[in-house]
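*Asks:* The structure's right below; bear with me while I get my questions together.
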Amino acid sequence: MTGLTDPEKDMFKRKIKTREELRAIIGPRPRAKKVIMCHGTFDLVHPGHIRHLIYAKSKADILVTSLTTDQHIGKANHRPFVPESLRAMNLAALEIVDYVVIDENPTPIENLKFIQPDYFAKGYEYNKDGLHPKTAEELATLDSYGGEVIFTPGDIVYSSSRIIESEPPNLATDKLHALMQAEGLTFDGLRDILAKFKGVKVHVIGDTIVDSYTYCTLIGGNTKTPTFSLKFENQVDFVGGAGIVAKHLKMAGAEVKFTTVLGDDALKDYVLKDLQEYGVECDAIIDRTRPTTQKNLFTASGYRMLKVDKVDNRPVSDKTLDQFAKSIAATKAEVVVFSDFRHGIFNGRTIPKLTAAIPPGPLRVADSQVASRWGNILEFQGFDLITPNEREARFSLGDQDSTIRPLALELYQRAKCKYLILKMGERGIITYVAPDPNVRSFLTVDSFTENVVDAVGAGDALLSYASLSLARGGSPVIASILGSIAAAIACERDGNEPIDPSEVLKKLAKVEKQTHYE
């Protein structure tokens, strides 16, 4: 739909009807004008679809295209690629198509019974090797009221899935526009929520990590052993882990208290000084038996050569746990964030006590990042928002096989959370907002990253901006969009630095311009 103005799009929308509206328009059988119906996913409208629709239109006066709703598409992972509202618009824009219906049922049988088209057009592939059982059921339905199934001639079968997987087109802005239209949202509305972040009281609890980037030059290698020889150039340190979550929130305008555990070492002093400079109130519990966690990444000529972690992942002591619980119980925050990197604060024993310490009222948010350690997002039960990535979801459910949507739904139901934002890397996010698979309970937002420089910390930016959006009355859709915008900015630069709202506004303006095709 690129290049069309909103009035032009509205002109095509008039073709998109509910099944009740359509039946009232075409009337009951027998009809003066014959009706033919085609049904499919139409994820990407390709030449095979066009040939099929042209042939169908030649057999009747009125061509109705029926498409499967998003929630019933599960034949491939990360599908549908194009959301139903945009798929319907793509079909409505075709001159040969008279009406479009989004089928809320898993198969076209119910709509065939309800609409009773004179003909039902099927592709050549559904009949070339004998009648498929599902096609036989459709044929029986048409026979029951005197309709007829027509098979499109031809021997070339195109596959939307193959086209999508070979080189997925970038439809991020088209999908965003369709989503915002469906939800009645505007870019000004997104900016209004962003402006309300100032003054939100947030309490972050979690593991501090010092992310160090050591830049080197490759001198050579040892001829006797597989050892790289690197010349040290310089080292840059960033406060990461739950610390960067606190900094993101503070930079966005929130008033932030951060409770963490640190060792009694030079890195502790660096962390406290850095957080103080950013205006984060740090409630640091000093544990002299463990080091301040540090992850040092060595790079040479842009290549990541080695990562060395200085960690002690032992669970915190009971005394330290009590200090955390008291700090949480005394909070006056509107949002409480548990930022779990599995470095001693959160585990199966401590999480119930820390969760129970949260007073009534605050928005409860949890993120458990377990890329290289044991941990489980399902240990955070009944939270308002959880934001795992796909790998963490599969780990928690012990499921490496399910496609993404049923996987997300299973996690959503078992976590008993209000909102789930599941991060899918370069494919964006999927957000669940209701446990009932029979209603539209999810939405997707594609990634807005233009050039990935360093994806580390993108999830922390998403968590921060999504949490503040919800705290200020934004819908889960707004939270997903603003969180995705912040994550994209984090991916487009090196190092783990907090995202300024001015950067989000700049990115929003660029996306808005692309969406409106100006």
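Labeling convention for the structure tokens: chains A, B, ... as they appear, residues from 1 per chain, ligands from 1 in order of appearance.
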Do you know which residues are at most 12 Å from Val456 of chain A counting only C-alpha atoms, after dropping those on the same chain fewer than 5 positions away, and could you put them as a PyMOL selection string?
*Replies:* chain A and resi 211+213+238+240-241+244+297+369+371+425+461-462+487-497
*Asks:* Any idea what's packed within 7 Å of Asn313 of chain A, counting only C-alpha atoms, ignoring anything in its chain fewer than 3 positions away? Could you give it as a PyMOL selection string?
*Replies:* chain A and resi 342-344
*Asks:* In terms of the shortest atom-to-atom distance over only C-alpha atoms, which of A:Lys507, A:Lys273, A:Lys307, A:Lys250 is closest to Tyr215 of chain A?
*Replies:* A:Lys307
*Asks:* At what distance in Å, to one decimal, does atom CA of Gln71 of chain A lie from atom CA of Leu171 of chain A?
*Replies:* 19.3 Å
*Asks:* Just the strand (DSSP E) stuff from segment 266-315 of chain A, please, per backbone DSSP, written as a list in words.
*Replies:* Glu281, Cys282, Asp283, Ala284, Ile285, Ile286, Gln294, Lys295, Asn296, Leu297, Phe298, Thr299, Ala300, Tyr303, Arg304, Met305, Leu306, Lys307, Val308, Asp309 and Lys310 of chain A
*Asks:* Restricting the calculation to only C-alpha atoms, which member of A:Arg394, A:Lys201, A:Arg51, A:His177 is positioned closest to Glu255 of chain A?
*Replies:*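 Among A:Arg394, A:Lys201, A:Arg51, A:His177, it is A:Lys201 that comes nearest to Glu255 of chain A.
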*Asks:* Set the distance at 8 Å and use only C-alpha atoms: which residues neighbour Thr68 of chain A once local chain neighbours fewer than 5 positions away are removed? I'd like the list as a compact mmCIF listing (two decimals) with all heavy atoms, in the first residue's frame.
*Replies:*
```
# COMPACT_ATOMS: atom_id res chain seq x y z
N HIS A 39 -10.43 -18.63 -0.57
CA HIS A 39 -10.00 -18.56 0.83
C HIS A 39 -8.51 -18.90 0.91
O HIS A 39 -8.02 -19.76 0.19
CB HIS A 39 -10.79 -19.54 1.69
CG HIS A 39 -10.33 -19.56 3.12
ND1 HIS A 39 -10.75 -18.62 4.04
CD2 HIS A 39 -9.47 -20.39 3.77
CE1 HIS A 39 -10.18 -18.89 5.21
NE2 HIS A 39 -9.41 -19.94 5.07
N GLY A 40 -7.81 -18.19 1.80
CA GLY A 40 -6.40 -18.50 2.01
C GLY A 40 -5.79 -17.60 3.05
O GLY A 40 -6.45 -16.76 3.68
N THR A 41 -4.47 -17.75 3.24
CA THR A 41 -3.73 -16.90 4.16
C THR A 41 -3.38 -15.57 3.50
O THR A 41 -3.47 -14.52 4.13
CB THR A 41 -2.44 -17.61 4.62
OG1 THR A 41 -2.79 -18.86 5.23
CG2 THR A 41 -1.66 -16.76 5.59
N ILE A 73 -3.20 -19.03 12.23
CA ILE A 73 -2.13 -19.37 11.31
C ILE A 73 -0.96 -19.92 12.11
O ILE A 73 -0.36 -19.22 12.91
CB ILE A 73 -1.68 -18.14 10.49
CG1 ILE A 73 -2.84 -17.62 9.64
CG2 ILE A 73 -0.49 -18.49 9.60
CD1 ILE A 73 -2.55 -16.33 8.92
N GLU A 84 -3.31 -9.43 9.73
CA GLU A 84 -4.56 -9.61 9.00
C GLU A 84 -5.14 -8.31 8.44
O GLU A 84 -5.66 -8.29 7.32
CB GLU A 84 -5.60 -10.28 9.90
CG GLU A 84 -5.98 -9.49 11.12
CD GLU A 84 -6.80 -10.29 12.11
OE1 GLU A 84 -6.46 -11.45 12.38
OE2 GLU A 84 -7.79 -9.74 12.64
N ILE A 102 -12.45 -11.26 6.78
CA ILE A 102 -11.46 -11.90 7.67
C ILE A 102 -12.18 -13.00 8.42
O ILE A 102 -13.10 -12.74 9.20
CB ILE A 102 -10.84 -10.88 8.64
CG1 ILE A 102 -10.10 -9.78 7.86
CG2 ILE A 102 -9.88 -11.59 9.60
CD1 ILE A 102 -9.56 -8.66 8.73
N ASP A 103 -11.78 -14.24 8.18
CA ASP A 103 -12.44 -15.41 8.77
C ASP A 103 -11.89 -15.66 10.17
O ASP A 103 -10.71 -15.95 10.34
CB ASP A 103 -12.22 -16.63 7.88
CG ASP A 103 -13.14 -17.79 8.24
OD1 ASP A 103 -13.64 -17.81 9.38
OD2 ASP A 103 -13.35 -18.67 7.39
N GLU A 104 -12.74 -15.57 11.18
CA GLU A 104 -12.32 -15.75 12.57
C GLU A 104 -12.25 -17.21 12.96
O GLU A 104 -11.87 -17.55 14.09
CB GLU A 104 -13.30 -15.02 13.51
CG GLU A 104 -13.44 -13.53 13.25
CD GLU A 104 -12.17 -12.77 13.57
OE1 GLU A 104 -11.35 -13.27 14.35
OE2 GLU A 104 -11.99 -11.65 13.03
N ASN A 105 -12.61 -18.12 12.04
CA ASN A 105 -12.61 -19.55 12.33
C ASN A 105 -11.34 -20.21 11.80
O ASN A 105 -10.70 -19.70 10.89
CB ASN A 105 -13.83 -20.20 11.68
CG ASN A 105 -15.13 -19.58 12.14
OD1 ASN A 105 -15.52 -19.71 13.30
ND2 ASN A 105 -15.82 -18.88 11.24
N PRO A 106 -10.99 -21.37 12.36
CA PRO A 106 -9.76 -22.04 11.90
C PRO A 106 -9.84 -22.59 10.48
O PRO A 106 -8.82 -22.79 9.83
CB PRO A 106 -9.56 -23.17 12.92
CG PRO A 106 -10.89 -23.37 13.55
CD PRO A 106 -11.57 -22.05 13.53
N THR A 107 -11.06 -22.87 9.98
CA THR A 107 -11.26 -23.35 8.61
C THR A 107 -12.39 -22.54 7.97
O THR A 107 -13.18 -21.91 8.68
CB THR A 107 -11.64 -24.84 8.57
OG1 THR A 107 -12.99 -25.00 9.02
CG2 THR A 107 -10.70 -25.67 9.43
```
*Asks:* Using only C-alpha atoms, determine which residues lie at most 7 Å from segment 184-187 of chain A, disregarding the query and same-chain residues fewer than 4 positions distant; provide the list as number ranges by chain.
*Replies:* A: 180, 191, 512
*Asks:* Mind dumping the selected residues with N, CA and C atoms as a PDB file, in the first residue's frame?
*Replies:*
```
ATOM      1  N   MET A 180      -1.511   0.607  14.538  1.00  0.00           N
ATOM      2  CA  MET A 180      -1.940   1.843  15.178  1.00  0.00           C
ATOM      3  C   MET A 180      -3.339   2.253  14.722  1.00  0.00           C
ATOM      4  N   ARG A 191       3.908  10.282  21.656  1.00  0.00           N
ATOM      5  CA  ARG A 191       4.735  11.357  22.223  1.00  0.00           C
ATOM      6  C   ARG A 191       4.153  11.855  23.549  1.00  0.00           C
ATOM      7  N   GLU A 512       7.531   7.816  11.702  1.00  0.00           N
ATOM      8  CA  GLU A 512       6.268   8.444  11.294  1.00  0.00           C
ATOM      9  C   GLU A 512       6.347   8.924   9.847  1.00  0.00           C
TER      10      GLU A 512
END
```
